[in-house]
$ cat final.cif   # mmCIF, C-alpha atoms
data_work
loop_
_atom_site.label_atom_id
_atom_site.label_comp_id
_atom_site.auth_asym_id
_atom_site.auth_seq_id
_atom_site.Cartn_x
_atom_site.Cartn_y
_atom_site.Cartn_z
CA MET A 1 0.00 0.00 0.00
CA GLN A 2 1.33 3.41 -0.98
CA SER A 3 1.13 6.23 1.56
CA THR A 4 -0.12 8.52 -1.24
CA GLN A 5 -3.30 6.44 -1.70
CA ARG A 6 -6.48 8.42 -1.16
CA ILE A 7 -10.09 7.33 -1.19
CA THR A 8 -11.78 9.04 -4.16
CA THR A 9 -15.09 8.77 -5.98
CA ASP A 10 -13.35 7.07 -8.89
CA LYS A 11 -13.89 3.69 -7.23
CA PRO A 12 -16.80 2.37 -5.14
CA VAL A 13 -16.91 1.84 -1.40
CA ALA A 14 -18.69 -1.05 0.32
CA VAL A 15 -20.95 -1.24 3.35
CA LEU A 16 -21.33 -4.62 5.02
CA GLY A 17 -24.36 -4.72 7.29
CA ALA A 18 -27.35 -2.51 6.52
CA GLY A 19 -28.81 -1.92 9.95
CA THR A 20 -29.17 1.54 11.48
CA ILE A 21 -25.42 2.24 11.37
CA GLY A 22 -24.78 0.70 7.96
CA LEU A 23 -27.61 2.57 6.24
CA SER A 24 -26.41 5.79 7.82
CA TRP A 25 -22.87 5.23 6.51
CA ALA A 26 -24.31 4.45 3.07
CA ALA A 27 -26.24 7.74 3.08
CA LEU A 28 -23.10 9.66 4.03
CA PHE A 29 -20.95 8.00 1.36
CA ALA A 30 -23.57 8.44 -1.37
CA ALA A 31 -24.16 12.07 -0.35
CA HIS A 32 -20.50 12.75 -1.09
CA GLY A 33 -20.72 11.21 -4.54
CA PHE A 34 -19.43 7.70 -3.82
CA ASN A 35 -20.99 4.69 -5.49
CA VAL A 36 -21.94 2.42 -2.61
CA ARG A 37 -22.09 -1.37 -2.70
CA ILE A 38 -24.24 -2.74 0.15
CA TRP A 39 -24.71 -6.22 1.54
CA ASP A 40 -26.75 -7.50 4.46
CA PRO A 41 -27.79 -11.09 5.21
CA SER A 42 -31.39 -9.91 5.64
CA GLU A 43 -33.31 -8.87 2.54
CA LYS A 44 -35.63 -6.87 4.79
CA ALA A 45 -32.70 -4.70 5.93
CA THR A 46 -31.90 -3.62 2.36
CA ALA A 47 -35.47 -3.23 1.10
CA ASP A 48 -35.65 0.55 1.52
CA VAL A 49 -31.97 1.40 1.07
CA THR A 50 -32.37 3.72 -1.92
CA ALA A 51 -35.26 5.70 -0.40
CA PHE A 52 -33.42 6.12 2.92
CA VAL A 53 -30.19 7.23 1.28
CA GLN A 54 -31.96 9.73 -0.97
CA ARG A 55 -33.94 11.24 1.91
CA GLU A 56 -30.93 11.61 4.17
CA ARG A 57 -28.75 12.92 1.34
CA ASP A 58 -31.31 15.66 0.77
CA ARG A 59 -31.11 16.48 4.46
CA LEU A 60 -27.31 16.72 4.40
CA ALA A 61 -26.89 18.62 1.13
CA PRO A 62 -27.69 22.14 2.40
CA VAL A 63 -25.70 21.62 5.59
CA PHE A 64 -22.46 20.60 3.91
CA GLY A 65 -22.97 22.41 0.60
CA LEU A 66 -23.04 19.14 -1.32
CA GLU A 67 -23.52 19.87 -5.01
CA GLN A 68 -22.38 16.69 -6.71
CA THR A 69 -24.81 14.05 -7.88
CA ILE A 70 -25.69 11.46 -5.31
CA GLY A 71 -23.67 8.28 -5.71
CA ALA A 72 -25.36 5.13 -6.93
CA VAL A 73 -26.41 2.62 -4.29
CA GLU A 74 -26.47 -1.05 -5.24
CA VAL A 75 -27.46 -4.01 -3.08
CA PHE A 76 -25.57 -7.29 -3.51
CA LYS A 77 -26.59 -10.79 -2.53
CA THR A 78 -23.20 -11.74 -1.07
CA ALA A 79 -20.53 -9.92 0.87
CA GLN A 80 -17.93 -11.17 -1.59
CA LEU A 81 -19.65 -9.48 -4.51
CA ALA A 82 -20.18 -6.28 -2.53
CA VAL A 83 -16.47 -5.82 -1.75
CA THR A 84 -15.19 -6.77 -5.19
CA GLY A 85 -13.57 -3.69 -6.69
CA ALA A 86 -14.16 -1.55 -3.58
CA GLN A 87 -11.37 0.65 -2.24
CA PHE A 88 -12.83 0.97 1.27
CA VAL A 89 -15.12 -1.30 3.27
CA GLN A 90 -17.13 -0.11 6.28
CA GLU A 91 -18.08 -3.21 8.26
CA ASN A 92 -21.14 -3.07 10.54
CA SER A 93 -21.80 -6.70 11.43
CA PRO A 94 -23.07 -7.77 14.89
CA GLU A 95 -20.88 -6.99 17.89
CA VAL A 96 -19.65 -10.59 18.16
CA LEU A 97 -16.00 -11.31 17.41
CA SER A 98 -16.64 -14.76 15.92
CA VAL A 99 -19.23 -13.30 13.53
CA LYS A 100 -16.84 -10.59 12.38
CA HIS A 101 -14.03 -13.12 11.93
CA GLU A 102 -16.27 -15.33 9.83
CA LEU A 103 -17.22 -12.37 7.65
CA TYR A 104 -13.59 -11.25 7.26
CA ARG A 105 -12.48 -14.71 6.24
CA SER A 106 -15.29 -14.92 3.68
CA ILE A 107 -14.25 -11.69 1.92
CA ALA A 108 -10.46 -12.03 2.18
CA SER A 109 -9.94 -13.42 -1.32
CA SER A 110 -12.33 -10.86 -2.87
CA LEU A 111 -10.64 -7.74 -1.53
CA ASP A 112 -8.43 -5.61 -3.76
CA PRO A 113 -4.80 -5.56 -2.54
CA ASP A 114 -5.09 -1.96 -1.28
CA CYS A 115 -8.63 -2.14 0.08
CA ILE A 116 -9.04 -0.95 3.68
CA VAL A 117 -11.53 -2.62 6.02
CA ALA A 118 -12.81 -0.32 8.77
CA SER A 119 -15.02 -1.72 11.50
CA SER A 120 -17.77 0.29 13.17
CA THR A 121 -17.35 -1.85 16.29
CA SER A 122 -18.15 0.05 19.47
CA SER A 123 -16.25 -2.23 21.82
CA ILE A 124 -13.96 -4.80 20.16
CA PRO A 125 -10.25 -3.81 20.02
CA PRO A 126 -8.83 -3.92 16.48
CA SER A 127 -6.02 -6.32 17.42
CA GLU A 128 -8.70 -8.90 18.15
CA LEU A 129 -10.31 -8.24 14.78
CA GLN A 130 -6.96 -8.75 13.03
CA ALA A 131 -6.08 -12.09 14.60
CA GLY A 132 -5.36 -14.62 11.86
CA MET A 133 -6.50 -12.35 9.01
CA PRO A 134 -4.35 -12.21 5.84
CA PHE A 135 -5.12 -8.50 5.39
CA ALA A 136 -4.47 -7.56 9.04
CA GLU A 137 -2.37 -4.51 8.16
CA ARG A 138 -5.42 -3.02 6.38
CA ILE A 139 -7.87 -3.50 9.27
CA VAL A 140 -8.69 -0.49 11.42
CA VAL A 141 -11.52 0.60 13.68
CA GLY A 142 -13.59 3.49 12.34
CA HIS A 143 -16.15 3.83 15.13
CA PRO A 144 -18.88 6.41 14.53
CA PHE A 145 -21.50 7.93 16.76
CA ASN A 146 -25.11 7.21 15.88
CA PRO A 147 -26.24 8.28 13.32
CA PRO A 148 -22.93 8.44 11.40
CA HIS A 149 -24.26 10.58 8.55
CA ILE A 150 -25.06 13.34 11.05
CA MET A 151 -22.78 12.90 14.06
CA PRO A 152 -19.26 13.99 13.04
CA LEU A 153 -17.12 11.98 15.46
CA VAL A 154 -15.22 8.96 14.12
CA GLU A 155 -12.76 7.20 16.41
CA VAL A 156 -9.92 5.68 14.41
CA VAL A 157 -8.05 2.97 16.30
CA ALA A 158 -5.09 0.96 15.02
CA GLY A 159 -4.40 -2.60 16.09
CA ARG A 160 -1.02 -4.23 16.55
CA ASP A 161 -0.76 -5.02 12.84
CA THR A 162 -2.41 -1.93 11.35
CA SER A 163 -0.02 -0.07 9.06
CA PRO A 164 0.53 3.67 9.54
CA GLU A 165 -0.59 4.14 5.92
CA THR A 166 -3.95 2.53 6.69
CA VAL A 167 -4.52 4.90 9.59
CA ALA A 168 -3.51 7.95 7.54
CA ILE A 169 -5.79 7.01 4.65
CA ALA A 170 -8.75 6.32 6.95
CA MET A 171 -8.26 9.60 8.80
CA ALA A 172 -8.13 11.55 5.52
CA PHE A 173 -11.18 9.74 4.12
CA TYR A 174 -13.36 10.50 7.14
CA ALA A 175 -12.18 14.12 7.16
CA ASP A 176 -13.13 14.43 3.47
CA LEU A 177 -16.63 13.30 4.49
CA HIS A 178 -16.92 16.29 6.86
CA ARG A 179 -16.39 14.03 9.88
CA LYS A 180 -14.24 14.85 12.91
CA PRO A 181 -11.89 11.85 13.08
CA ILE A 182 -9.65 11.37 16.09
CA GLN A 183 -6.85 8.81 16.28
CA LEU A 184 -6.67 7.08 19.64
CA LEU A 185 -3.19 6.55 21.03
CA ARG A 186 -3.88 3.00 22.22
CA GLU A 187 -6.56 0.32 22.24
CA ALA A 188 -9.14 0.15 25.02
CA PRO A 189 -12.49 -1.66 25.32
CA GLY A 190 -15.15 0.76 24.16
CA HIS A 191 -12.52 3.11 22.65
CA LEU A 192 -12.87 6.65 24.10
CA ALA A 193 -16.28 8.28 23.62
CA ASN A 194 -18.25 5.27 24.82
CA ARG A 195 -16.10 5.12 27.94
CA LEU A 196 -16.94 8.78 28.62
CA GLN A 197 -20.60 7.97 28.06
CA ALA A 198 -20.40 4.93 30.30
CA ALA A 199 -18.89 6.92 33.16
CA LEU A 200 -21.60 9.56 32.98
CA TRP A 201 -24.42 7.03 32.52
CA ARG A 202 -23.23 5.05 35.54
CA GLU A 203 -23.70 8.07 37.79
CA ALA A 204 -26.96 8.99 36.03
CA LEU A 205 -28.28 5.53 36.92
CA HIS A 206 -26.88 5.69 40.44
CA ALA A 207 -28.61 9.03 40.99
CA VAL A 208 -31.95 7.39 40.26
CA GLN A 209 -31.32 4.15 42.15
CA SER A 210 -29.97 5.93 45.23
CA GLY A 211 -32.95 8.29 45.37
CA LEU A 212 -31.04 11.47 44.52
CA ALA A 213 -33.20 12.39 41.51
CA THR A 214 -35.75 11.07 39.03
CA ALA A 215 -34.66 9.88 35.59
CA GLU A 216 -36.48 12.83 34.03
CA ASP A 217 -34.67 15.32 36.27
CA VAL A 218 -31.30 13.70 35.52
CA ASP A 219 -31.92 14.37 31.82
CA THR A 220 -33.02 17.92 32.57
CA ALA A 221 -29.88 18.54 34.64
CA MET A 222 -27.66 17.41 31.78
CA MET A 223 -29.62 19.16 29.02
CA TYR A 224 -29.68 22.53 30.78
CA GLY A 225 -26.44 22.28 32.75
CA PRO A 226 -23.19 20.65 31.56
CA GLY A 227 -24.62 19.42 28.24
CA PRO A 228 -24.64 22.64 26.19
CA ARG A 229 -21.25 23.78 27.50
CA TRP A 230 -19.66 20.38 26.88
CA ALA A 231 -21.17 20.27 23.39
CA LEU A 232 -19.56 23.59 22.55
CA LEU A 233 -16.26 23.23 24.40
CA GLY A 234 -15.72 19.76 25.85
CA PRO A 235 -14.95 19.22 29.55
CA HIS A 236 -11.33 20.39 29.55
CA MET A 237 -11.96 23.76 27.88
CA THR A 238 -15.14 24.21 29.94
CA PHE A 239 -13.14 23.95 33.15
CA HIS A 240 -10.32 26.06 31.71
CA LEU A 241 -12.79 28.93 31.30
CA ALA A 242 -14.24 28.20 34.74
CA GLY A 243 -10.79 29.05 36.11
CA GLY A 244 -11.17 32.66 35.03
CA ASP A 245 -8.25 34.50 33.54
CA GLU A 246 -5.85 32.17 35.38
CA GLY A 247 -7.27 29.18 33.50
CA TYR A 248 -7.29 25.45 34.05
CA GLY A 249 -4.52 25.39 36.63
CA HIS A 250 -6.40 27.78 38.89
CA PHE A 251 -9.61 25.77 38.49
CA ILE A 252 -7.83 22.56 39.52
CA ASP A 253 -6.13 24.26 42.49
CA HIS A 254 -9.39 25.82 43.62
CA LEU A 255 -11.94 23.05 42.96
CA GLY A 256 -9.83 19.94 42.47
CA PRO A 257 -10.30 18.78 46.10
CA ALA A 258 -14.08 19.24 45.81
CA PHE A 259 -14.15 17.08 42.69
CA GLU A 260 -12.04 14.44 44.43
CA ARG A 261 -14.64 14.31 47.20
CA MET A 262 -17.37 13.85 44.58
CA TRP A 263 -15.38 11.11 42.84
CA ASN A 264 -15.10 9.27 46.13
CA ASP A 265 -18.88 9.49 46.55
CA LEU A 266 -19.80 8.32 43.05
CA GLY A 267 -21.52 4.96 42.90
CA SER A 268 -22.55 2.14 40.62
CA ALA A 269 -26.01 0.92 39.77
CA SER A 270 -27.51 -2.49 39.00
CA PHE A 271 -30.44 -3.06 36.68
CA ASP A 272 -33.00 -4.43 39.10
CA GLU A 273 -36.70 -4.34 38.29
CA LYS A 274 -37.34 -1.17 40.29
CA LEU A 275 -34.61 0.80 38.52
CA VAL A 276 -35.78 -0.30 35.09
CA ASP A 277 -39.34 0.79 35.95
CA GLN A 278 -38.02 4.17 37.12
CA LEU A 279 -36.05 4.65 33.92
CA LEU A 280 -38.99 3.76 31.70
CA GLU A 281 -41.23 6.08 33.67
CA GLY A 282 -38.68 8.85 33.26
CA VAL A 283 -38.68 8.76 29.45
CA ARG A 284 -42.39 8.07 28.97
CA PRO A 285 -43.55 11.72 29.24
CA ARG A 286 -41.00 12.83 26.66
CA VAL A 287 -42.10 10.18 24.18
CA ALA A 288 -45.71 11.40 24.59
CA GLY A 289 -47.25 9.19 21.90
CA LYS A 290 -44.67 9.98 19.21
CA THR A 291 -43.52 7.18 16.96
CA TYR A 292 -39.90 6.04 16.81
CA ASP A 293 -39.52 7.54 13.33
CA GLU A 294 -40.91 10.88 14.51
CA LEU A 295 -38.54 10.98 17.46
CA VAL A 296 -35.53 10.10 15.31
CA ASP A 297 -36.44 12.66 12.66
CA SER A 298 -36.81 15.37 15.29
CA ARG A 299 -33.51 14.37 16.89
CA ASN A 300 -31.64 14.42 13.58
CA ALA A 301 -33.00 17.82 12.57
CA SER A 302 -32.06 19.27 15.96
CA LEU A 303 -28.60 17.71 15.86
CA LEU A 304 -27.87 19.33 12.51
CA GLN A 305 -28.92 22.72 13.85
CA MET A 306 -26.74 22.29 16.93
CA LEU A 307 -23.75 21.13 14.89
CA LYS A 308 -23.99 24.23 12.73
CA LEU A 309 -23.88 26.31 15.91
CA ILE A 310 -20.85 24.40 17.22
CA GLU A 311 -19.04 24.96 13.93
CA GLY A 312 -19.83 28.66 14.17
CA GLU A 313 -21.89 28.79 10.99
#

$ encode --input "final.cif" --output "structure tokens"
Amino acid sequence: MQSTQRITTDKPVAVLGAGTIGLSWAALFAAHGFNVRIWDPSEKATADVTAFVQRERDRLAPVFGLEQTIGAVEVFKTAQLAVTGAQFVQENSPEVLSVKHELYRSIASSLDPDCIVASSTSSIPPSELQAGMPFAERIVVGHPFNPPHIMPLVEVVAGRDTSPETVAIAMAFYADLHRKPIQLLREAPGHLANRLQAALWREALHAVQSGLATAEDVDTAMMYGPGPRWALLGPHMTFHLAGGDEGYGHFIDHLGPAFERMWNDLGSASFDEKLVDQLLEGVRPRVAGKTYDELVDSRNASLLQMLKLIEGE
């Protein structure tokens, strides 16, 4: 593989797995003019691919100034046919290592010599994905946030055998798609963003189970407290500004001990029947009879508005 390789619209890209994440990736790729080759073991999953991609492309076009013609989207009956001739494969199979290994082995002989395989896995380290694979140096994690065609973050994680060229090409490709790729410095279960989510969710659950607050009030506290500031700045810059003109160091000197006391008081929760009932009761008023599709559509439209604000547009 040459370090000058770049993913361009001259050759197709493939999407393996057409669930929520896979369809979203397909919409993003097609919106940027790529011809997309899709495979999923379920015919039901690919039934409405073209309509979904067209609708979401139309949603993205004004946000990203996309003027090129939407890429063609073609569904294939086998994974081998889908990857044939592709320069980049985004794999979205179930979060089971044995299933991913079986899929990788099945496509190995059909991949072009320079084709990169990026996994959307949210938890499996790439070194485990690479084990025993003949194209190990071209396997990398490209973990998105849901839905990938709207949420900009992509976590790029190299395994033991991933070549530096593979990482560089993947990073450039995602950046060309108006994503915000970050390269993690080492492997960790759950990568980075999910670990941050897990830490916050653990205390959100503990707050309900310990009787500190209702599930609805926990959401309200995040939405109208840390949430907007973290969305705009992230936690480190938020606390840097909280330190006044002396910055982060002053904040840590002044409030570090208070945060250490809070850390020592944080707890863990367990999903017993009472907690689950409390959580369901907490989200029920906000659902208020809306369908899943209505909720998702409202979320996606709001996310795009917020992302434009974050980007300063």

$ atom_distance --input "final.cif" --atom1 "atom CA of A:Ala158" --atom2 "atom CA of A:Phe145"
17.9 Å

$ closest_residue --input "final.cif" --among "A:Pro12, A:Pro181, A:Pro257, A:Pro235" --to "A:Leu153" --atoms "all atoms listed in the file"
A:Pro181

$ resolve_selection --input "final.cif" --expression "the PyMOL selection byres ((chain A and resi 173) around 12)" --output "PyMOL selection string"
chain A and resi 5-9+13+28-29+32+34+87-90+116+118+142+154+156+166-172+174-181

$ residues_around --input "final.cif" --residues "stretch 280-287 of chain A" --least-positions-apart "2" --cutoff "7 Å" --atoms "all atoms listed in the file" --output "mmCIF file with C-alpha atoms, keeping the file's coordinate frame"
data_model
loop_
_atom_site.group_PDB
_atom_site.id
_atom_site.type_symbol
_atom_site.label_atom_id
_atom_site.label_comp_id
_atom_site.auth_asym_id
_atom_site.auth_seq_id
_atom_site.Cartn_x
_atom_site.Cartn_y
_atom_site.Cartn_z
ATOM 1 C CA THR A 214 -35.750 11.070 39.030
ATOM 2 C CA ALA A 215 -34.660 9.880 35.590
ATOM 3 C CA GLU A 216 -36.480 12.830 34.030
ATOM 4 C CA VAL A 276 -35.780 -0.300 35.090
ATOM 5 C CA ASP A 277 -39.340 0.790 35.950
ATOM 6 C CA GLN A 278 -38.020 4.170 37.120
ATOM 7 C CA GLY A 289 -47.250 9.190 21.900
ATOM 8 C CA LYS A 290 -44.670 9.980 19.210
#

$ closest_residue --input "final.cif" --among "A:Leu233, A:Leu205, A:Ala86, A:Ala30" --to "A:His149" --atoms "only C-alpha atoms"
A:Ala30

$ residues_around --input "final.cif" --residues "stretch 93-98 of chain A" --least-positions-apart "2" --cutoff "8 Å" --atoms "all atoms listed in the file" --output "ChimeraX atom specification"
/A:16-17,91,100-102,121-124,128-129

$ write_last_selection --input "final.cif" --atoms "C-alpha atoms" --output "PDB file, keeping the file's coordinate frame"
ATOM      1  CA  LEU A  16     -21.330  -4.620   5.020  1.00  0.00           C
ATOM      2  CA  GLY A  17     -24.360  -4.720   7.290  1.00  0.00           C
ATOM      3  CA  GLU A  91     -18.080  -3.210   8.260  1.00  0.00           C
ATOM      4  CA  LYS A 100     -16.840 -10.590  12.380  1.00  0.00           C
ATOM      5  CA  HIS A 101     -14.030 -13.120  11.930  1.00  0.00           C
ATOM      6  CA  GLU A 102     -16.270 -15.330   9.830  1.00  0.00           C
ATOM      7  CA  THR A 121     -17.350  -1.850  16.290  1.00  0.00           C
ATOM      8  CA  SER A 122     -18.150   0.050  19.470  1.00  0.00           C
ATOM      9  CA  SER A 123     -16.250  -2.230  21.820  1.00  0.00           C
ATOM     10  CA  ILE A 124     -13.960  -4.800  20.160  1.00  0.00           C
ATOM     11  CA  GLU A 128      -8.700  -8.900  18.150  1.00  0.00           C
ATOM     12  CA  LEU A 129     -10.310  -8.240  14.780  1.00  0.00           C
TER      13      LEU A 129
END

$ residues_around --input "final.cif" --residues "A:Phe76" --least-positions-apart "3" --cutoff "10 Å" --atoms "all atoms listed in the file" --output "ChimeraX atom specification"
/A:16,37-41,43,46,73,79-83

$ atom_distance --input "final.cif" --atom1 "atom CA of A:Ala301" --atom2 "atom CA of A:Ile150"
9.2 Å

$ closest_residue --input "final.cif" --among "A:Pro125, A:Gly256, A:Pro152, A:Gly159" --to "A:Glu137" --atoms "only C-alpha atoms"
A:Gly159

$ residues_around --input "final.cif" --residues "A:Lys44" --least-positions-apart "4" --cutoff "10 Å" --atoms "all atoms listed in the file" --output "count of residues only"
5

$ atom_distance --input "final.cif" --atom1 "atom CA of A:Trp25" --atom2 "atom CA of A:Glu74"
13.8 Å

$ closest_residue --input "final.cif" --among "A:Asp272, A:Gln183, A:Met151, A:Tyr248" --to "A:Met306" --atoms "all atoms listed in the file"
A:Met151

$ closest_residue --input "final.cif" --among "A:Ala14, A:Ala72, A:Leu304, A:Leu241" --to "A:Ile107" --atoms "only C-alpha atoms"
A:Ala14

$ resolve_selection --input "final.cif" --expression "the PyMOL selection byres ((chain A and resi 113) around 12)" --output "list of chain:residue names"
A:Met1, A:Gln2, A:Val83, A:Thr84, A:Gly85, A:Ala86, A:Gln87, A:Phe88, A:Ala108, A:Ser109, A:Ser110, A:Leu111, A:Asp112, A:Asp114, A:Cys115, A:Ile116, A:Val117, A:Pro134, A:Phe135, A:Ala136, A:Glu137, A:Arg138
